[in-house]
>>> print(open('model18.csv').read())   # CSV, C-alpha atoms and all ligand atoms
chain,number,residue,atom,x,y,z
A,1,MET,CA,6.3,-2.7,-13.1
A,2,ILE,CA,7.4,-0.5,-10.2
A,3,SER,CA,5.3,0.8,-7.3
A,4,VAL,CA,6.3,4.4,-6.3
A,5,ARG,CA,4.9,5.8,-3.1
A,6,MET,CA,5.4,9.3,-1.6
A,7,ARG,CA,4.3,10.6,1.8
A,8,ALA,CA,5.2,14.0,3.2
A,9,GLU,CA,5.1,15.2,6.8
A,10,LEU,CA,5.4,18.5,8.5
A,11,GLN,CA,6.3,18.5,12.2
A,12,GLY,CA,5.3,14.9,12.5
A,13,LYS,CA,1.9,15.3,10.8
A,14,HIS,CA,1.0,13.7,7.5
A,15,VAL,CA,0.4,16.4,4.9
A,16,SER,CA,0.5,14.7,1.5
A,17,GLY,CA,0.6,11.3,-0.1
A,18,ALA,CA,0.4,9.9,-3.6
A,19,GLU,CA,1.4,6.8,-5.5
A,20,ARG,CA,1.9,5.4,-9.0
A,21,ILE,CA,2.5,2.0,-10.6
A,22,VAL,CA,4.8,2.7,-13.6
A,23,LEU,CA,7.2,1.1,-16.1
A,24,LYS,CA,10.8,1.2,-15.0
A,25,GLN,CA,11.6,3.6,-17.8
A,26,ASP,CA,9.1,6.1,-16.4
A,27,LEU,CA,10.5,5.9,-12.8
A,28,GLU,CA,12.6,9.1,-12.8
A,29,LYS,CA,9.9,11.2,-14.4
A,30,THR,CA,7.3,9.9,-11.9
A,31,VAL,CA,9.5,10.5,-8.8
A,32,LYS,CA,10.0,14.1,-10.0
A,33,GLU,CA,6.3,14.6,-10.4
A,34,LEU,CA,5.5,13.2,-7.0
A,35,LEU,CA,8.1,15.3,-5.3
A,36,LYS,CA,6.3,18.4,-6.6
A,37,ARG,CA,3.0,17.4,-4.8
A,38,PRO,CA,3.4,18.5,-1.2
A,39,LYS,CA,3.1,22.2,-0.8
A,40,GLN,CA,4.9,22.3,2.6
A,41,TYR,CA,6.9,19.6,4.4
A,42,ASP,CA,10.0,18.9,6.4
A,43,THR,CA,10.2,15.2,5.6
A,44,ILE,CA,9.4,13.2,2.5
A,45,VAL,CA,9.5,9.4,2.4
A,46,LEU,CA,9.7,7.7,-1.0
A,47,THR,CA,9.2,4.0,-1.4
A,48,ILE,CA,10.1,2.3,-4.6
A,49,GLU,CA,9.6,-1.4,-5.1
A,50,GLU,CA,9.5,-3.8,-8.0
A,51,LEU,CA,6.1,-5.6,-8.2
A,52,GLN,CA,6.2,-9.4,-8.5
A,53,GLU,CA,2.5,-9.7,-9.4
A,54,LEU,CA,-0.1,-7.3,-10.8
A,55,GLU,CA,-3.8,-7.7,-11.1
A,56,ARG,CA,-6.1,-5.8,-13.4
A,57,ILE,CA,-9.6,-4.4,-12.8
A,58,GLU,CA,-11.4,-3.8,-16.0
A,59,LYS,CA,-13.6,-0.9,-15.0
A,60,ALA,CA,-13.7,1.7,-12.3
A,61,LEU,CA,-16.9,2.4,-10.3
A,62,PRO,CA,-19.3,4.7,-12.1
A,63,ILE,CA,-19.2,8.4,-10.9
A,64,TYR,CA,-22.2,10.4,-9.7
A,65,SER,CA,-22.0,13.9,-8.2
A,66,PHE,CA,-24.5,15.7,-5.9
A,67,ASP,CA,-24.3,19.2,-4.4
A,68,PHE,CA,-26.2,20.3,-1.3
A,69,LYS,CA,-26.8,23.6,0.4
A,70,THR,CA,-25.7,22.5,3.9
A,71,VAL,CA,-23.4,19.9,5.5
A,72,GLU,CA,-26.5,18.4,7.3
A,73,GLU,CA,-28.3,17.7,4.0
A,74,ALA,CA,-25.2,16.3,2.5
A,75,HIS,CA,-24.7,14.0,5.5
A,76,SER,CA,-28.3,12.8,5.4
A,77,PHE,CA,-27.9,11.9,1.8
A,78,ALA,CA,-24.6,10.1,2.5
A,79,VAL,CA,-26.4,8.0,5.2
A,80,LYS,CA,-29.2,7.1,2.8
A,81,LYS,CA,-26.7,5.9,0.2
A,82,LEU,CA,-24.7,3.9,2.8
A,83,MET,CA,-27.9,2.3,3.9
A,84,GLU,CA,-28.5,1.2,0.3
A,85,GLU,CA,-25.3,-0.9,0.7
A,86,GLY,CA,-26.6,-2.5,3.9
A,87,VAL,CA,-25.0,-0.2,6.4
A,88,PRO,CA,-27.3,0.2,9.4
A,89,GLU,CA,-28.4,3.8,9.9
A,90,GLY,CA,-26.9,4.1,13.3
A,91,LEU,CA,-23.5,2.9,12.1
A,92,ALA,CA,-23.6,5.3,9.1
A,93,TYR,CA,-24.1,8.2,11.6
A,94,LYS,CA,-21.4,6.7,13.9
A,95,ALA,CA,-18.9,6.8,10.9
A,96,LEU,CA,-19.9,10.4,10.1
A,97,GLU,CA,-19.3,11.4,13.7
A,98,LEU,CA,-15.9,9.7,13.8
A,99,LEU,CA,-14.7,11.7,10.8
A,100,ARG,CA,-16.2,14.9,12.2
A,101,ARG,CA,-14.4,14.5,15.5
A,102,GLY,CA,-11.2,13.0,14.1
A,103,PRO,CA,-11.0,9.2,14.0
A,104,SER,CA,-7.7,8.8,15.9
A,105,PRO,CA,-8.2,7.6,19.5
A,106,LYS,CA,-6.1,10.6,20.5
A,107,GLY,CA,-8.4,12.9,18.5
A,108,GLY,CA,-7.3,14.2,15.1
A,109,ASN,CA,-6.7,12.5,11.8
A,110,MET,CA,-5.4,9.0,11.1
A,111,ARG,CA,-3.0,8.2,8.3
A,112,GLY,CA,-5.0,5.2,7.3
A,113,ALA,CA,-8.7,4.3,7.3
A,114,VAL,CA,-11.0,3.1,10.1
A,115,LEU,CA,-12.2,-0.5,9.5
A,116,MET,CA,-15.7,-0.9,10.8
A,117,ASP,CA,-17.7,-4.1,11.3
A,118,ILE,CA,-20.8,-3.6,9.3
A,119,SER,CA,-23.0,-5.5,11.8
A,120,THR,CA,-21.8,-4.2,15.1
A,121,GLY,CA,-19.8,-1.0,14.5
A,122,GLU,CA,-16.7,-2.5,16.2
A,123,ARG,CA,-13.5,-1.1,15.0
A,124,LEU,CA,-11.3,-3.8,13.5
A,125,GLU,CA,-8.1,-2.1,12.5
A,126,PRO,CA,-5.2,-3.7,14.5
A,127,ASN,CA,-3.7,-0.3,15.2
A,128,GLN,CA,-6.2,2.5,15.7
A,129,GLU,CA,-3.7,5.3,15.4
A,130,LYS,CA,-2.3,4.1,12.0
A,131,GLY,CA,-5.5,2.6,10.6
A,132,ILE,CA,-5.5,0.6,7.3
A,133,ARG,CA,-3.9,2.1,4.2
A,134,THR,CA,-4.9,1.1,0.7
A,135,ILE,CA,-1.8,1.1,-1.4
A,136,ARG,CA,-0.4,-0.4,-4.6
A,137,PHE,CA,-3.1,0.8,-7.0
A,138,ASP,CA,-3.1,3.0,-10.1
A,139,TRP,CA,-4.6,3.5,-13.5
A,140,GLU,CA,-3.3,1.6,-16.5
A,141,ASP,CA,-3.2,4.9,-18.5
A,142,ARG,CA,-3.6,7.9,-16.1
A,143,LYS,CA,-3.4,10.5,-18.9
A,144,HIS,CA,-6.2,8.9,-20.8
A,145,ILE,CA,-8.5,8.7,-17.8
A,146,LYS,CA,-7.7,12.3,-16.9
A,147,SER,CA,-8.7,13.5,-20.4
A,148,LEU,CA,-11.9,11.5,-20.1
A,149,LEU,CA,-12.7,13.3,-16.8
A,150,MET,CA,-12.1,16.6,-18.6
A,151,LYS,CA,-14.5,15.6,-21.4
A,152,ARG,CA,-17.1,14.8,-18.8
A,153,GLY,CA,-16.8,18.3,-17.5
A,154,ILE,CA,-14.9,17.7,-14.2
A,155,LYS,CA,-13.2,20.9,-13.4
A,156,LYS,CA,-9.4,21.0,-13.3
A,157,GLU,CA,-9.2,21.7,-9.5
A,158,TYR,CA,-11.0,18.4,-8.9
A,159,ARG,CA,-9.5,16.1,-11.5
A,160,GLU,CA,-6.3,14.9,-9.8
A,161,ARG,CA,-8.0,14.1,-6.5
A,162,LEU,CA,-10.9,12.5,-8.1
A,163,LEU,CA,-8.5,10.3,-10.1
A,164,ASP,CA,-6.7,9.1,-7.0
A,165,ALA,CA,-9.8,8.7,-4.8
A,166,LEU,CA,-11.8,6.8,-7.5
A,167,ALA,CA,-8.9,4.4,-8.1
A,168,LEU,CA,-8.6,3.8,-4.3
A,169,ALA,CA,-12.3,3.3,-3.8
A,170,THR,CA,-12.4,0.9,-6.8
A,171,LYS,CA,-9.6,-1.2,-5.3
A,172,ASN,CA,-11.3,-1.1,-1.9
A,173,LEU,CA,-14.5,-2.7,-3.2
A,174,TYR,CA,-12.4,-5.2,-5.3
A,175,CYS,CA,-10.8,-6.3,-2.0
A,176,GLY,CA,-14.1,-6.9,-0.2
A,177,VAL,CA,-14.9,-3.6,1.4
A,178,ILE,CA,-18.7,-3.3,1.3
A,179,ALA,CA,-19.0,0.4,1.5
A,180,GLU,CA,-16.8,3.4,2.2
A,181,LEU,CA,-17.2,7.0,3.5
A,182,CYS,CA,-14.6,9.6,2.9
A,183,TRP,CA,-13.8,13.2,3.0
A,184,SER,CA,-10.5,15.0,2.9
A,185,ASP,CA,-8.6,16.5,5.8
A,186,ASP,CA,-7.5,19.3,3.5
A,187,PRO,CA,-9.3,22.4,4.9
A,188,ASP,CA,-9.8,23.8,1.4
A,189,TYR,CA,-11.4,20.6,-0.1
A,190,ILE,CA,-15.0,20.0,1.0
A,191,THR,CA,-16.2,17.3,-1.5
A,192,GLY,CA,-16.3,13.8,-0.1
A,193,TYR,CA,-17.8,10.6,-1.3
A,194,VAL,CA,-19.5,7.3,-0.4
A,195,ALA,CA,-18.9,4.2,-2.5
A,196,GLY,CA,-20.3,0.8,-2.8
A,197,LYS,CA,-20.9,-1.9,-5.5
A,198,SER,CA,-24.5,-0.9,-6.3
A,199,ILE,CA,-24.3,2.9,-5.6
A,200,GLY,CA,-21.0,3.4,-7.4
A,201,TYR,CA,-18.7,6.3,-6.5
A,202,VAL,CA,-21.0,9.0,-5.2
A,203,ARG,CA,-19.3,12.5,-4.8
A,204,ILE,CA,-21.1,14.7,-2.3
A,205,LYS,CA,-20.5,18.3,-1.5
A,206,PRO,CA,-20.2,19.8,1.1
A,207,MET,CA,-19.2,17.0,3.5
A,208,LYS,CA,-17.7,19.6,5.9
A,209,GLU,CA,-17.3,23.4,6.2
A,210,PHE,CA,-14.3,25.2,4.6
A,211,GLY,CA,-11.4,25.5,7.0
A,212,VAL,CA,-12.0,22.2,8.8
A,213,ALA,CA,-8.8,20.1,8.9
A,214,LEU,CA,-10.5,16.9,10.1
A,215,GLY,CA,-11.4,14.0,7.7
A,216,GLY,CA,-10.5,10.5,6.8
A,217,ARG,CA,-12.0,7.3,5.6
A,218,VAL,CA,-14.2,4.6,7.1
A,219,TYR,CA,-14.4,1.1,5.4
A,220,PHE,CA,-17.3,-1.1,6.3
A,221,VAL,CA,-16.4,-4.8,6.2
A,222,ARG,CA,-17.7,-8.1,7.5
A,223,LYS,CA,-15.7,-9.0,10.6
A,224,LYS,CA,-15.0,-12.6,9.4
A,225,GLU,CA,-13.4,-11.2,6.2
A,226,ALA,CA,-11.4,-8.5,7.8
A,227,SER,CA,-7.9,-10.1,7.7
A,228,LYS,CA,-8.4,-11.1,4.0
A,229,VAL,CA,-9.5,-7.6,3.2
A,230,ILE,CA,-6.6,-6.0,5.0
A,231,HIS,CA,-4.1,-8.2,3.2
A,232,CYS,CA,-5.6,-7.3,-0.2
A,233,LEU,CA,-5.7,-3.6,0.5
A,234,GLU,CA,-2.1,-3.5,1.7
A,235,LYS,CA,-0.4,-6.1,-0.4
A,236,ARG,CA,-2.1,-6.9,-3.7
A,237,ALA,CA,-1.1,-4.6,-6.6
A,238,VAL,CA,-3.9,-3.6,-9.0
A,239,LEU,CA,-4.1,-1.5,-12.2
A,240,ILE,CA,-7.5,-0.1,-13.3
A,241,GLU,CA,-8.1,-0.2,-17.0
A,242,GLU,CA,-11.1,1.9,-17.9
A,243,LEU,CA,-13.4,4.6,-16.6
B,301,LIG,C1,-13.5,13.8,-5.3
B,301,LIG,O1,-14.2,13.0,-5.9
B,301,LIG,O2,-13.5,15.0,-5.6
B,301,LIG,C2,-12.5,13.4,-4.3
B,301,LIG,C3,-13.1,13.3,-2.9
B,301,LIG,C4,-12.2,12.8,-1.8
B,301,LIG,C5,-10.8,13.3,-1.7
B,301,LIG,C6,-10.1,12.7,-0.6
B,301,LIG,C7,-8.7,13.3,-0.4
B,301,LIG,O3,-8.2,13.9,-1.3
B,301,LIG,O4,-8.2,13.2,0.7
>>> encode(input="model18.csv", output="structure tokens")
Amino acid sequence: MISVRMRAELQGKHVSGAERIVLKQDLEKTVKELLKRPKQYDTIVLTIEELQELERIEKALPIYSFDFKTVEEAHSFAVKKLMEEGVPEGLAYKALELLRRGPSPKGGNMRGAVLMDISTGERLEPNQEKGIRTIRFDWEDRKHIKSLLMKRGIKKEYRERLLDALALATKNLYCGVIAELCWSDDPDYITGYVAGKSIGYVRIKPMKEFGVALGGRVYFVRKKEASKVIHCLEKRAVLIEEL
């Protein structure tokens, strides 16, 4: 199988990214499809690599969706859910605040995720501007999963993102992340999520106001497991079989 990854930039800023794990015979079709994703860019970087090993995850996290009237209510709910996974309340708020302000030490977004020690809140990513990127993951049969999402009533405008974010969150937990908080940096997309083994993939809207271009991901991990988790997130290739 082949891993195909695309990332696009505009004036040095990350604007779009996507990836697939496909059969060699589908490579050309996949590259064409990924090249259509960024709306605006001045640079696209494509990485194509043959995978030596591939692991399989039988089932994705279960999906739940919750809508709230205000960002404050949505955030309180996210904190409650993170606490169910063992994240201390203060650290859940710290993570929300990081994404609200922009998690990069320079301010603004990071390309990768923040890795936070679940006991102390210490940031564990070796490079705080780059963060940790979860890569090398996909669905075994993307089309099939997409049609299942449609049957479950997920609207078209959400399907593609949900597909990508659910696969990513599923790989994260498989690699030893205990809980995750995420919302998009796309100013037009205000649904975010929290995820964990017992809470599942919990979609929450609105995690921010429309027009806000700040967002990102925080992964809560145990410090002693951080390097093993990072290795898994960045190196091990996984395909997810079922929804
Ligand atoms: C969803 O479940 O609707 C996806 C939420 C997170 C999207 C994150 C992103 O696209 O950057």
>>> residues_near_ligand(input="model18.csv", ligand="ligand LIG 301 (chain B)", cutoff="6 Å", atoms="all atoms listed in the file", output="NGL selection string")
:A and (158 or 161-162 or 165 or 183-184 or 191-193 or 203)
>>> write_last_selection(input="model18.csv", atoms="C-alpha atoms", output="PDB file, in the coordinates of the input")
ATOM      1  CA  TYR A 158     -11.000  18.400  -8.900  1.00  0.00           C
ATOM      2  CA  ARG A 161      -8.000  14.100  -6.500  1.00  0.00           C
ATOM      3  CA  LEU A 162     -10.900  12.500  -8.100  1.00  0.00           C
ATOM      4  CA  ALA A 165      -9.800   8.700  -4.800  1.00  0.00           C
ATOM      5  CA  TRP A 183     -13.800  13.200   3.000  1.00  0.00           C
ATOM      6  CA  SER A 184     -10.500  15.000   2.900  1.00  0.00           C
ATOM      7  CA  THR A 191     -16.200  17.300  -1.500  1.00  0.00           C
ATOM      8  CA  GLY A 192     -16.300  13.800  -0.100  1.00  0.00           C
ATOM      9  CA  TYR A 193     -17.800  10.600  -1.300  1.00  0.00           C
ATOM     10  CA  ARG A 203     -19.300  12.500  -4.800  1.00  0.00           C
TER      11      ARG A 203
END
>>> closest_residue(input="model18.csv", among="A:Val15, A:Ile154, A:Leu98, A:Ala74", to="A:Asp185", atoms="only C-alpha atoms")
A:Val15
>>> closest_residue(input="model18.csv", among="A:Arg7, A:Lys24, A:Lys69, A:Arg133", to="A:Val229", atoms="only C-alpha atoms")
A:Arg133
>>> residues_around(input="model18.csv", residues="A:Lys197", least_positions_apart="5", cutoff="8 Å", atoms="only C-alpha atoms", output="number ranges by chain")
A: 61, 85, 173, 178-179
>>> atom_distance(input="model18.csv", atom1="atom CA of A:Phe220", atom2="atom CA of A:Lys235")
18.9 Å
>>> residues_around(input="model18.csv", residues="stretch 34-45 of chain A", least_positions_apart="6", cutoff="7 Å", atoms="only C-alpha atoms", output="PyMOL selection string")
chain A and resi 6-11+16+18
>>> atom_distance(input="model18.csv", atom1="atom CA of A:Gly90", atom2="atom CA of A:Leu168")
25.4 Å
>>> atom_distance(input="model18.csv", atom1="atom CA of A:Ile63", atom2="atom CA of A:Ile2")
28.1 Å
>>> residues_near_point(input="model18.csv", point="(-7.8, 25.5, 6.4)", cutoff="6 Å", atoms="all atoms listed in the file", output="PyMOL selection string")
chain A and resi 187-188+211-212
>>> closest_residue(input="model18.csv", among="A:Ile145, A:Gly17, A:Glu97, A:Val79", to="A:Glu242", atoms="all atoms listed in the file")
A:Ile145
>>> residues_near_point(input="model18.csv", point="(-11.5, 12.3, 7.6)", cutoff="12 Å", atoms="all atoms listed in the file", output="MDAnalysis selection string")
chainID A and resid 95:104 107:114 131 180:187 189:193 207:208 212:219
>>> closest_residue(input="model18.csv", among="A:Arg136, A:Arg159, A:Arg222, A:Lys13", to="A:Glu53", atoms="all atoms listed in the file")
A:Arg136
>>> closest_residue(input="model18.csv", among="A:Leu243, A:Ile132, A:Ala237, A:Val87", to="A:Glu49", atoms="only C-alpha atoms")
A:Ala237
>>> closest_residue(input="model18.csv", among="A:Glu72, A:Glu50, A:Asp164, A:Asp26", to="A:Lys146", atoms="only C-alpha atoms")
A:Asp164
>>> residues_around(input="model18.csv", residues="A:Met1", least_positions_apart="3", cutoff="6 Å", atoms="only C-alpha atoms", output="PDB file with C-alpha atoms, in the frame of the given file")
ATOM      1  CA  VAL A  22       4.800   2.700 -13.600  1.00  0.00           C
ATOM      2  CA  LEU A  23       7.200   1.100 -16.100  1.00  0.00           C
ATOM      3  CA  LEU A  51       6.100  -5.600  -8.200  1.00  0.00           C
TER       4      LEU A  51
END
